[in-house]
file my_file22.pdb (PDB, C-alpha atoms)
ATOM      1  CA  MET L   1      32.044  12.341 -23.537
ATOM      2  CA  LEU L   2      34.777  11.710 -26.051
ATOM      3  CA  LEU L   3      35.775   8.098 -26.666
ATOM      4  CA  LYS L   4      39.189   6.984 -27.871
ATOM      5  CA  ASN L   5      37.519   4.670 -30.400
ATOM      6  CA  PRO L   6      33.900   5.630 -31.214
ATOM      7  CA  GLY L   7      33.413   2.953 -33.861
ATOM      8  CA  LEU L   8      30.771   0.246 -33.432
ATOM      9  CA  ARG L   9      33.242  -2.614 -33.162
ATOM     10  CA  SER L  10      32.171  -6.231 -33.691
ATOM     11  CA  SER L  11      32.837  -6.969 -30.017
ATOM     12  CA  LEU L  12      29.946  -4.664 -29.103
ATOM     13  CA  ILE L  13      27.425  -6.430 -31.330
ATOM     14  CA  LYS L  14      25.946  -9.408 -29.498
ATOM     15  CA  LYS L  15      24.153 -12.387 -30.981
ATOM     16  CA  ALA L  16      20.415 -11.809 -30.648
ATOM     17  CA  ILE L  17      18.135 -14.397 -29.039
ATOM     18  CA  THR L  18      15.091 -14.622 -31.267
ATOM     19  CA  VAL L  19      11.471 -15.770 -31.234
ATOM     20  CA  THR L  20       8.649 -15.789 -33.765
ATOM     21  CA  PRO L  21       5.461 -13.683 -33.395
ATOM     22  CA  HIS L  22       3.241 -16.658 -32.516
ATOM     23  CA  VAL L  23       5.321 -17.865 -29.561
ATOM     24  CA  GLY L  24       3.393 -17.660 -26.271
ATOM     25  CA  VAL L  25       4.389 -14.860 -23.915
ATOM     26  CA  LEU L  26       4.972 -17.373 -21.103
ATOM     27  CA  ASP L  27       7.520 -19.136 -23.312
ATOM     28  CA  ALA L  28       9.132 -15.772 -24.083
ATOM     29  CA  ILE L  29       9.454 -15.041 -20.360
ATOM     30  CA  GLU L  30      11.032 -18.442 -19.813
ATOM     31  CA  ILE L  31      13.585 -17.758 -22.547
ATOM     32  CA  MET L  32      14.446 -14.367 -21.025
ATOM     33  CA  GLN L  33      14.955 -15.947 -17.624
ATOM     34  CA  LYS L  34      17.045 -18.783 -19.067
ATOM     35  CA  PHE L  35      19.465 -16.429 -20.814
ATOM     36  CA  ARG L  36      19.161 -13.668 -18.188
ATOM     37  CA  ILE L  37      18.183 -11.057 -20.757
ATOM     38  CA  SER L  38      15.392  -8.505 -20.880
ATOM     39  CA  ARG L  39      14.537  -8.500 -24.587
ATOM     40  CA  LEU L  40      14.066 -10.821 -27.566
ATOM     41  CA  VAL L  41      14.233  -9.983 -31.268
ATOM     42  CA  VAL L  42      11.142 -11.143 -33.158
ATOM     43  CA  ILE L  43      11.794 -12.635 -36.591
ATOM     44  CA  ASP L  44       9.561 -13.746 -39.462
ATOM     45  CA  LYS L  45       9.749 -16.947 -41.534
ATOM     46  CA  SER L  46      12.610 -15.531 -43.593
ATOM     47  CA  TYR L  47      14.578 -14.838 -40.404
ATOM     48  CA  LYS L  48      14.341 -11.082 -40.843
ATOM     49  CA  PRO L  49      13.548  -8.972 -37.761
ATOM     50  CA  VAL L  50       9.995  -7.642 -37.532
ATOM     51  CA  GLY L  51       9.886  -6.468 -33.917
ATOM     52  CA  ILE L  52      11.284  -6.672 -30.425
ATOM     53  CA  ILE L  53       9.724  -7.699 -27.127
ATOM     54  CA  THR L  54      10.951  -6.609 -23.692
ATOM     55  CA  GLU L  55      10.023  -7.220 -20.082
ATOM     56  CA  LYS L  56       8.345  -3.809 -20.082
ATOM     57  CA  ASP L  57       6.237  -4.737 -23.104
ATOM     58  CA  ILE L  58       5.040  -7.879 -21.355
ATOM     59  CA  LEU L  59       4.216  -6.076 -18.124
ATOM     60  CA  ARG L  60       2.303  -3.318 -19.889
ATOM     61  CA  SER L  61       0.308  -5.829 -21.906
ATOM     62  CA  ILE L  62      -1.257  -7.415 -18.822
ATOM     63  CA  PHE L  63      -1.642  -4.296 -16.665
ATOM     64  CA  PRO L  64      -3.995  -3.723 -14.931
ATOM     65  CA  ILE L  65      -5.786  -6.796 -13.577
ATOM     66  CA  GLY L  66      -8.435  -7.774 -16.071
ATOM     67  CA  ALA L  67      -6.263  -8.534 -19.077
ATOM     68  CA  LYS L  68      -6.788 -11.780 -20.898
ATOM     69  CA  PRO L  69      -5.163 -14.940 -19.504
ATOM     70  CA  LEU L  70      -1.389 -15.056 -19.786
ATOM     71  CA  GLY L  71      -1.593 -18.430 -21.470
ATOM     72  CA  SER L  72      -3.441 -16.934 -24.448
ATOM     73  CA  ILE L  73      -1.122 -13.944 -24.980
ATOM     74  CA  THR L  74       1.445 -14.284 -27.765
ATOM     75  CA  VAL L  75       4.579 -12.326 -28.582
ATOM     76  CA  GLN L  76       2.832 -10.445 -31.387
ATOM     77  CA  ASP L  77       0.311  -9.121 -28.833
ATOM     78  CA  CYS L  78       3.099  -7.422 -26.849
ATOM     79  CA  MET L  79       6.015  -6.742 -29.172
ATOM     80  CA  SER L  80       7.113  -3.325 -30.404
ATOM     81  CA  LYS L  81       6.671  -3.338 -34.178
ATOM     82  CA  ASN L  82       8.348   0.012 -34.795
ATOM     83  CA  LEU L  83      11.790  -1.546 -35.016
ATOM     84  CA  ILE L  84      14.725   0.874 -34.762
ATOM     85  CA  THR L  85      17.822  -0.458 -36.495
ATOM     86  CA  ALA L  86      21.452   0.452 -37.150
ATOM     87  CA  LYS L  87      24.349  -0.823 -39.246
ATOM     88  CA  LYS L  88      27.785  -2.101 -38.331
ATOM     89  CA  GLN L  89      29.312   1.004 -39.897
ATOM     90  CA  ASP L  90      27.531   3.341 -37.467
ATOM     91  CA  SER L  91      29.390   4.951 -34.556
ATOM     92  CA  VAL L  92      28.739   4.497 -30.850
ATOM     93  CA  TYR L  93      27.687   8.142 -30.748
ATOM     94  CA  LYS L  94      25.065   7.620 -33.461
ATOM     95  CA  CYS L  95      23.717   4.527 -31.705
ATOM     96  CA  ALA L  96      23.496   6.444 -28.428
ATOM     97  CA  ARG L  97      21.656   9.298 -30.144
ATOM     98  CA  MET L  98      19.167   6.896 -31.741
ATOM     99  CA  MET L  99      18.475   5.280 -28.367
ATOM    100  CA  LYS L 100      17.905   8.686 -26.800
ATOM    101  CA  GLU L 101      15.697  10.056 -29.575
ATOM    102  CA  ASN L 102      13.520   6.939 -29.656
ATOM    103  CA  ASN L 103      13.561   6.286 -25.883
ATOM    104  CA  ILE L 104      14.747   2.709 -26.326
ATOM    105  CA  SER L 105      17.385   0.515 -24.676
ATOM    106  CA  SER L 106      18.644  -1.446 -27.672
ATOM    107  CA  LEU L 107      19.195  -1.343 -31.417
ATOM    108  CA  VAL L 108      18.859  -4.218 -33.839
ATOM    109  CA  ILE L 109      21.921  -4.312 -36.100
ATOM    110  CA  LEU L 110      21.314  -5.262 -39.721
ATOM    111  CA  GLU L 111      23.502  -6.585 -42.504
ATOM    112  CA  ASP L 112      23.466  -4.730 -45.824
ATOM    113  CA  ASP L 113      20.769  -7.127 -47.098
ATOM    114  CA  LYS L 114      18.531  -6.254 -44.084
ATOM    115  CA  SER L 115      19.149  -9.632 -42.436
ATOM    116  CA  LEU L 116      19.827  -9.801 -38.710
ATOM    117  CA  GLU L 117      23.426  -9.208 -37.655
ATOM    118  CA  GLY L 118      22.879  -8.865 -33.898
ATOM    119  CA  ILE L 119      21.877  -6.434 -31.188
ATOM    120  CA  VAL L 120      23.498  -3.585 -29.258
ATOM    121  CA  THR L 121      22.115  -2.512 -25.881
ATOM    122  CA  LYS L 122      22.747   0.329 -23.479
ATOM    123  CA  THR L 123      24.693  -2.180 -21.400
ATOM    124  CA  ASP L 124      27.061  -2.725 -24.334
ATOM    125  CA  LEU L 125      27.589   1.010 -24.784
ATOM    126  CA  VAL L 126      28.249   1.511 -21.075
ATOM    127  CA  PHE L 127      30.741  -1.356 -21.076
ATOM    128  CA  ASN L 128      32.409   0.180 -24.140
ATOM    129  CA  PHE L 129      32.699   3.430 -22.225
ATOM    130  CA  LEU L 130      34.197   1.578 -19.262
ATOM    131  CA  VAL L 131      37.040  -0.014 -21.222
ATOM    132  CA  GLN L 132      38.038   3.194 -22.993
ATOM    133  CA  GLU L 133      39.870   6.214 -21.668
ATOM    134  CA  THR L 134      37.651   9.264 -21.366
ATOM    135  CA  GLU L 135      37.813  12.587 -19.608
ATOM    136  CA  HIS L 136      36.674  12.627 -15.980
ATOM    137  CA  LEU L 137      33.034  13.514 -15.362
ATOM    138  CA  LYS L 138      31.271  13.676 -12.011
ATOM    139  CA  ILE L 139      28.012  11.851 -11.315
ATOM    140  CA  SER L 140      26.387  15.142 -10.318
ATOM    141  CA  LYS L 141      26.776  16.455 -13.873
ATOM    142  CA  ILE L 142      24.497  13.901 -15.515
ATOM    143  CA  MET L 143      22.399  12.293 -12.746
ATOM    144  CA  THR L 144      18.619  12.708 -12.540
ATOM    145  CA  THR L 145      17.666  14.800  -9.508
ATOM    146  CA  ASP L 146      13.871  14.685  -9.852
ATOM    147  CA  VAL L 147      13.436  11.139  -8.530
ATOM    148  CA  VAL L 148      10.092   9.361  -8.155
ATOM    149  CA  THR L 149      10.035   7.324  -4.921
ATOM    150  CA  VAL L 150       7.734   5.011  -2.964
ATOM    151  CA  SER L 151       7.514   3.962   0.664
ATOM    152  CA  PRO L 152       7.956   0.418   2.030
ATOM    153  CA  GLN L 153       4.239   0.283   2.855
ATOM    154  CA  ASP L 154       2.991   1.149  -0.627
ATOM    155  CA  SER L 155       1.111  -1.690  -2.333
ATOM    156  CA  LEU L 156       2.677  -3.651  -5.170
ATOM    157  CA  TYR L 157      -0.046  -2.479  -7.517
ATOM    158  CA  LEU L 158       0.648   1.164  -6.670
ATOM    159  CA  VAL L 159       4.368   0.619  -7.301
ATOM    160  CA  GLU L 160       3.616  -1.149 -10.579
ATOM    161  CA  SER L 161       1.364   1.677 -11.761
ATOM    162  CA  ILE L 162       3.991   4.279 -10.800
ATOM    163  CA  LEU L 163       6.615   2.506 -12.904
ATOM    164  CA  ILE L 164       4.295   2.238 -15.898
ATOM    165  CA  ASN L 165       2.686   5.673 -15.725
ATOM    166  CA  ASN L 166       5.987   7.485 -15.170
ATOM    167  CA  LYS L 167       7.724   5.402 -17.854
ATOM    168  CA  ILE L 168      10.582   4.505 -15.539
ATOM    169  CA  SER L 169      12.361   1.212 -14.936
ATOM    170  CA  ARG L 170      13.184   1.512 -11.240
ATOM    171  CA  VAL L 171      11.943   3.303  -8.165
ATOM    172  CA  PRO L 172      13.827   3.864  -4.873
ATOM    173  CA  VAL L 173      12.052   2.943  -1.640
ATOM    174  CA  ILE L 174      12.338   5.624   1.042
ATOM    175  CA  ARG L 175      11.638   5.510   4.784
ATOM    176  CA  ASN L 176      12.075   8.665   6.888
ATOM    177  CA  GLU L 177      13.970  10.322   4.010
ATOM    178  CA  LYS L 178      16.495   7.472   3.905
ATOM    179  CA  LEU L 179      16.974   4.908   1.160
ATOM    180  CA  VAL L 180      16.003   1.395   2.260
ATOM    181  CA  GLY L 181      15.538  -0.404  -1.050
ATOM    182  CA  ILE L 182      14.871  -0.297  -4.769
ATOM    183  CA  ILE L 183      12.312  -1.969  -7.055
ATOM    184  CA  THR L 184      12.802  -2.562 -10.779
ATOM    185  CA  PHE L 185      10.670  -3.872 -13.621
ATOM    186  CA  ARG L 186      12.382  -7.235 -13.300
ATOM    187  CA  ASP L 187      10.763  -7.631  -9.872
ATOM    188  CA  PHE L 188       7.445  -7.630 -11.708
ATOM    189  CA  ILE L 189       8.091 -10.503 -14.124
ATOM    190  CA  PRO L 190       4.399 -11.316 -14.745
ATOM    191  CA  VAL L 191       4.504 -15.016 -13.992
ATOM    192  CA  ARG L 192       5.978 -14.446 -10.575
ATOM    193  CA  ILE L 193       3.030 -12.469  -9.249
ATOM    194  CA  PRO L 194       0.356 -15.157  -9.693
ATOM    195  CA  ASN L 195       2.735 -17.818  -8.392
ATOM    196  CA  ARG L 196       3.640 -15.720  -5.357
ATOM    197  CA  LEU L 197       0.061 -14.800  -4.540
ATOM    198  CA  GLY L 198      -1.070 -18.344  -5.227
ATOM    199  CA  THR L 199       0.902 -19.569  -2.246
ATOM    200  CA  PHE L 200      -1.276 -17.434   0.009
ATOM    201  CA  THR L 201      -4.747 -18.046  -1.358
ATOM    202  CA  ASP L 202      -6.935 -20.502  -3.179
ATOM    203  CA  PRO L 203      -5.728 -20.753  -6.815
ATOM    204  CA  ASN L 204      -9.286 -20.742  -8.203
ATOM    205  CA  GLU L 205     -10.121 -17.531  -6.367
ATOM    206  CA  LEU L 206      -6.910 -15.982  -7.608
ATOM    207  CA  MET L 207      -7.684 -16.911 -11.209
ATOM    208  CA  ASP L 208     -11.116 -15.286 -10.924
ATOM    209  CA  VAL L 209      -9.519 -11.975 -10.020
ATOM    210  CA  TRP L 210      -6.410 -12.189 -12.199
ATOM    211  CA  TYR L 211      -8.003 -13.326 -15.455
ATOM    212  CA  SER L 212     -11.494 -11.849 -15.309
ATOM    213  CA  ARG L 213     -12.117  -8.731 -17.391
ATOM    214  CA  THR L 214     -14.616  -7.589 -14.743
ATOM    215  CA  PRO L 215     -13.699  -9.378 -11.472
ATOM    216  CA  ASN L 216     -16.529 -10.393  -9.186
ATOM    217  CA  LYS L 217     -16.786  -7.802  -6.395
ATOM    218  CA  TYR L 218     -17.225 -10.506  -3.760
ATOM    219  CA  ASN L 219     -14.048 -12.287  -4.870
ATOM    220  CA  VAL L 220     -12.089  -9.038  -4.881
ATOM    221  CA  ASN L 221     -13.240  -8.333  -1.325
ATOM    222  CA  GLN L 222     -12.285 -11.856  -0.319
ATOM    223  CA  LEU L 223      -8.789 -11.228  -1.699
ATOM    224  CA  ASN L 224      -8.159  -7.811  -0.177
ATOM    225  CA  TYR L 225      -5.298  -9.228   1.852
ATOM    226  CA  VAL L 226      -3.701 -10.474  -1.362
ATOM    227  CA  LEU L 227      -3.943  -7.072  -3.025
ATOM    228  CA  THR L 228      -2.116  -5.381  -0.153
ATOM    229  CA  PHE L 229       1.335  -6.889  -0.553
ATOM    230  CA  ARG L 230       3.822  -4.114   0.017
ATOM    231  CA  ALA L 231       6.864  -2.688  -1.693
ATOM    232  CA  GLU L 232       9.014  -4.024   1.127
ATOM    233  CA  ASP L 233       7.985  -7.581   0.170
ATOM    234  CA  ILE L 234       9.834  -7.510  -3.155
ATOM    235  CA  MET L 235      12.314  -4.629  -2.934
ATOM    236  CA  THR L 236      16.062  -5.181  -3.039
ATOM    237  CA  LYS L 237      17.258  -4.108   0.378
ATOM    238  CA  ASN L 238      20.419  -2.085   0.921
ATOM    239  CA  PRO L 239      20.957  -1.396  -2.791
ATOM    240  CA  VAL L 240      24.344  -0.463  -4.209
ATOM    241  CA  THR L 241      24.712   3.338  -4.119
ATOM    242  CA  ILE L 242      27.105   6.013  -5.301
ATOM    243  CA  GLU L 243      27.894   9.603  -4.303
ATOM    244  CA  PRO L 244      27.417  12.677  -6.517
ATOM    245  CA  SER L 245      31.135  13.522  -6.350
ATOM    246  CA  ASP L 246      32.188  10.107  -7.731
ATOM    247  CA  ASP L 247      33.322   9.717 -11.339
ATOM    248  CA  ILE L 248      31.087   8.302 -14.070
ATOM    249  CA  SER L 249      33.571   5.482 -14.591
ATOM    250  CA  ILE L 250      32.847   4.220 -11.066
ATOM    251  CA  ALA L 251      29.121   4.138 -11.827
ATOM    252  CA  ALA L 252      29.777   2.191 -15.035
ATOM    253  CA  LEU L 253      31.973  -0.278 -13.161
ATOM    254  CA  LEU L 254      29.383  -0.854 -10.417
ATOM    255  CA  MET L 255      26.603  -1.363 -12.967
ATOM    256  CA  TYR L 256      28.683  -3.884 -14.846
ATOM    257  CA  ARG L 257      29.926  -5.691 -11.724
ATOM    258  CA  TYR L 258      26.490  -6.054 -10.116
ATOM    259  CA  ASP L 259      24.541  -6.464 -13.386
ATOM    260  CA  ILE L 260      22.249  -3.532 -12.652
ATOM    261  CA  SER L 261      21.051  -0.624 -14.765
ATOM    262  CA  GLY L 262      20.786   2.161 -12.216
ATOM    263  CA  LEU L 263      22.282   3.446  -8.980
ATOM    264  CA  PRO L 264      20.697   5.636  -6.316
ATOM    265  CA  VAL L 265      22.903   8.664  -5.625
ATOM    266  CA  VAL L 266      23.181   9.477  -1.922
ATOM    267  CA  ARG L 267      24.806  12.154   0.201
ATOM    268  CA  GLN L 268      25.089  11.338   3.919
ATOM    269  CA  SER L 269      22.543   8.523   3.534
ATOM    270  CA  LYS L 270      19.983  10.865   1.929
ATOM    271  CA  LEU L 271      18.797  10.248  -1.618
ATOM    272  CA  VAL L 272      19.755  13.156  -3.890
ATOM    273  CA  GLY L 273      19.382  11.578  -7.322
ATOM    274  CA  ILE L 274      19.675   8.508  -9.480
ATOM    275  CA  ILE L 275      22.046   7.627 -12.312
ATOM    276  CA  THR L 276      21.226   5.038 -14.945
ATOM    277  CA  LYS L 277      22.735   3.515 -18.037
ATOM    278  CA  SER L 278      20.449   5.854 -19.947
ATOM    279  CA  ASP L 279      22.163   8.879 -18.409
ATOM    280  CA  ILE L 280      25.566   7.583 -19.513
ATOM    281  CA  VAL L 281      24.310   6.735 -23.000
ATOM    282  CA  PHE L 282      22.646  10.132 -23.329
ATOM    283  CA  SER L 283      25.920  11.834 -22.473
ATOM    284  CA  LEU L 284      27.472   9.868 -25.357
ATOM    285  CA  ALA L 285      24.597  10.960 -27.589
ATOM    286  CA  ALA L 286      25.589  14.574 -27.028
ATOM    287  CA  GLU L 287      28.761  13.898 -29.044
ATOM    288  CA  ALA L 288      26.860  12.659 -32.117
TER     289      ALA L 288
END
call {"tool": "encode", "arguments": {"input": "my_file22.pdb", "output": "structure tokens"}}
result
Amino acid sequence: MLLKNPGLRSSLIKKAITVTPHVGVLDAIEIMQKFRISRLVVIDKSYKPVGIITEKDILRSIFPIGAKPLGSITVQDCMSKNLITAKKQDSVYKCARMMKENNISSLVILEDDKSLEGIVTKTDLVFNFLVQETEHLKISKIMTTDVVTVSPQDSLYLVESILINNKISRVPVIRNEKLVGIITFRDFIPVRIPNRLGTFTDPNELMDVWYSRTPNKYNVNQLNYVLTFRAEDIMTKNPVTIEPSDDISIAALLMYRYDISGLPVVRQSKLVGIITKSDIVFSLAAEA
């Protein structure tokens, strides 16, 4: 897709919210929730970036049950240390290509002296696309058609493992071949699961299962009803959808308006694909 102005303008570079490596992961989650963001740049004592931590990093670090207690996990235990960076002089196309090649959703932007300038995310690139004039392109041209799905009755732990093992950020929920919901990584913010389950069972029993490296078989059996929460319990019902014949600009607008990163693509109420910010960014990468 050709952009009228492919330069990485200052308006696209956002101020990064930062933490240090020794900050507890629970504090990091709280910061993400406070600012409604999904990643934090990790800086050292000289305020230079040394890593990045995302919601996905946190989820993967405590999956499956048996990881060490959340309270003892720090940012440096979860963060991605292979930091991919760019400069203010780089183009949107180059940034998109770097995101695609490294399978990442953001780039840390550095000053010439390697100090932190800010951050650019896929959301920023999609918004940039939205405000510029481009040629028309149908959803069907860039959407993903091989979509992994779950059913409303699938357990939360099955859904969680599907997201992690397939390296995807969202999964549509299907009943009788029709879309009834969608689940994203954000629905699995780690601190929410113990709190949610804790309202249904004895907290001490829950801790035994959640924090133990080898949970007691008796306690696991006692908590079988806890481990069978379903996809329908946390899914977003009646998600925003789009049709394959719609223009990419409509998808970008809906993502921006509803603060979401992906849209199920339906034809006559039947799921035929999914389009994400990644798909839009990857189409920009093709111009690099």
call {"tool": "resolve_selection", "arguments": {"input": "my_file22.pdb", "expression": "the PyMOL selection byres ((chain L and resi 250) around 12)", "output": "count of residues only"}}
result
29
call {"tool": "resolve_selection", "arguments": {"input": "my_file22.pdb", "expression": "the PyMOL selection byres ((chain L and resi 268) around 12)", "output": "number ranges by chain"}}
result
L: 177-179, 241-244, 265-267, 269-272
call {"tool": "write_last_selection", "arguments": {"input": "my_file22.pdb", "atoms": "C-alpha atoms", "output": "mmCIF file, in the coordinates of the input"}}
result
data_model
loop_
_atom_site.group_PDB
_atom_site.id
_atom_site.type_symbol
_atom_site.label_atom_id
_atom_site.label_comp_id
_atom_site.auth_asym_id
_atom_site.auth_seq_id
_atom_site.Cartn_x
_atom_site.Cartn_y
_atom_site.Cartn_z
ATOM 1 C CA GLU L 177 13.970 10.322 4.010
ATOM 2 C CA LYS L 178 16.495 7.472 3.905
ATOM 3 C CA LEU L 179 16.974 4.908 1.160
ATOM 4 C CA THR L 241 24.712 3.338 -4.119
ATOM 5 C CA ILE L 242 27.105 6.013 -5.301
ATOM 6 C CA GLU L 243 27.894 9.603 -4.303
ATOM 7 C CA PRO L 244 27.417 12.677 -6.517
ATOM 8 C CA VAL L 265 22.903 8.664 -5.625
ATOM 9 C CA VAL L 266 23.181 9.477 -1.922
ATOM 10 C CA ARG L 267 24.806 12.154 0.201
ATOM 11 C CA SER L 269 22.543 8.523 3.534
ATOM 12 C CA LYS L 270 19.983 10.865 1.929
ATOM 13 C CA LEU L 271 18.797 10.248 -1.618
ATOM 14 C CA VAL L 272 19.755 13.156 -3.890
#
call {"tool": "atom_distance", "arguments": {"input": "my_file22.pdb", "atom1": "CA of Met99 in chain L", "atom2": "CA of Phe282 in chain L"}}
result
8.1 Å
call {"tool": "resolve_selection", "arguments": {"input": "my_file22.pdb", "expression": "the PyMOL selection byres ((chain L and resi 159) around 12)", "output": "ChimeraX atom specification"}}
result
/L:148-158,160-166,168-173,182-185,187-188,228-235
call {"tool": "write_last_selection", "arguments": {"input": "my_file22.pdb", "atoms": "C-alpha atoms", "output": "mmCIF file, in the coordinates of the input"}}
result
data_model
loop_
_atom_site.group_PDB
_atom_site.id
_atom_site.type_symbol
_atom_site.label_atom_id
_atom_site.label_comp_id
_atom_site.auth_asym_id
_atom_site.auth_seq_id
_atom_site.Cartn_x
_atom_site.Cartn_y
_atom_site.Cartn_z
ATOM 1 C CA VAL L 148 10.092 9.361 -8.155
ATOM 2 C CA THR L 149 10.035 7.324 -4.921
ATOM 3 C CA VAL L 150 7.734 5.011 -2.964
ATOM 4 C CA SER L 151 7.514 3.962 0.664
ATOM 5 C CA PRO L 152 7.956 0.418 2.030
ATOM 6 C CA GLN L 153 4.239 0.283 2.855
ATOM 7 C CA ASP L 154 2.991 1.149 -0.627
ATOM 8 C CA SER L 155 1.111 -1.690 -2.333
ATOM 9 C CA LEU L 156 2.677 -3.651 -5.170
ATOM 10 C CA TYR L 157 -0.046 -2.479 -7.517
ATOM 11 C CA LEU L 158 0.648 1.164 -6.670
ATOM 12 C CA GLU L 160 3.616 -1.149 -10.579
ATOM 13 C CA SER L 161 1.364 1.677 -11.761
ATOM 14 C CA ILE L 162 3.991 4.279 -10.800
ATOM 15 C CA LEU L 163 6.615 2.506 -12.904
ATOM 16 C CA ILE L 164 4.295 2.238 -15.898
ATOM 17 C CA ASN L 165 2.686 5.673 -15.725
ATOM 18 C CA ASN L 166 5.987 7.485 -15.170
ATOM 19 C CA ILE L 168 10.582 4.505 -15.539
ATOM 20 C CA SER L 169 12.361 1.212 -14.936
ATOM 21 C CA ARG L 170 13.184 1.512 -11.240
ATOM 22 C CA VAL L 171 11.943 3.303 -8.165
ATOM 23 C CA PRO L 172 13.827 3.864 -4.873
ATOM 24 C CA VAL L 173 12.052 2.943 -1.640
ATOM 25 C CA ILE L 182 14.871 -0.297 -4.769
ATOM 26 C CA ILE L 183 12.312 -1.969 -7.055
ATOM 27 C CA THR L 184 12.802 -2.562 -10.779
ATOM 28 C CA PHE L 185 10.670 -3.872 -13.621
ATOM 29 C CA ASP L 187 10.763 -7.631 -9.872
ATOM 30 C CA PHE L 188 7.445 -7.630 -11.708
ATOM 31 C CA THR L 228 -2.116 -5.381 -0.153
ATOM 32 C CA PHE L 229 1.335 -6.889 -0.553
ATOM 33 C CA ARG L 230 3.822 -4.114 0.017
ATOM 34 C CA ALA L 231 6.864 -2.688 -1.693
ATOM 35 C CA GLU L 232 9.014 -4.024 1.127
ATOM 36 C CA ASP L 233 7.985 -7.581 0.170
ATOM 37 C CA ILE L 234 9.834 -7.510 -3.155
ATOM 38 C CA MET L 235 12.314 -4.629 -2.934
#
call {"tool": "residues_around", "arguments": {"input": "my_file22.pdb", "residues": "Lys87 in chain L", "least_positions_apart": "6", "cutoff": "12 Å", "atoms": "all atoms listed in the file", "output": "list of chain:residue names"}}
result
L:Gly7, L:Leu8, L:Arg9, L:Ser10, L:Ile13, L:Lys94, L:Cys95, L:Met98, L:Leu107, L:Val108, L:Ile109, L:Leu110, L:Glu111, L:Asp112, L:Asp113, L:Lys114, L:Ser115, L:Leu116, L:Glu117, L:Gly118, L:Ile119, L:Val120
call {"tool": "closest_residue", "arguments": {"input": "my_file22.pdb", "among": "L:Gly71, L:Asp27, L:Gln76, L:Leu284", "to": "Asp44 in chain L", "atoms": "all atoms listed in the file"}}
result
L:Gln76
call {"tool": "atom_distance", "arguments": {"input": "my_file22.pdb", "atom1": "CA of Thr121 in chain L", "atom2": "CA of Ile52 in chain L"}}
result
12.5 Å
call {"tool": "atom_distance", "arguments": {"input": "my_file22.pdb", "atom1": "CA of Asp90 in chain L", "atom2": "CA of Val42 in chain L"}}
result
22.3 Å
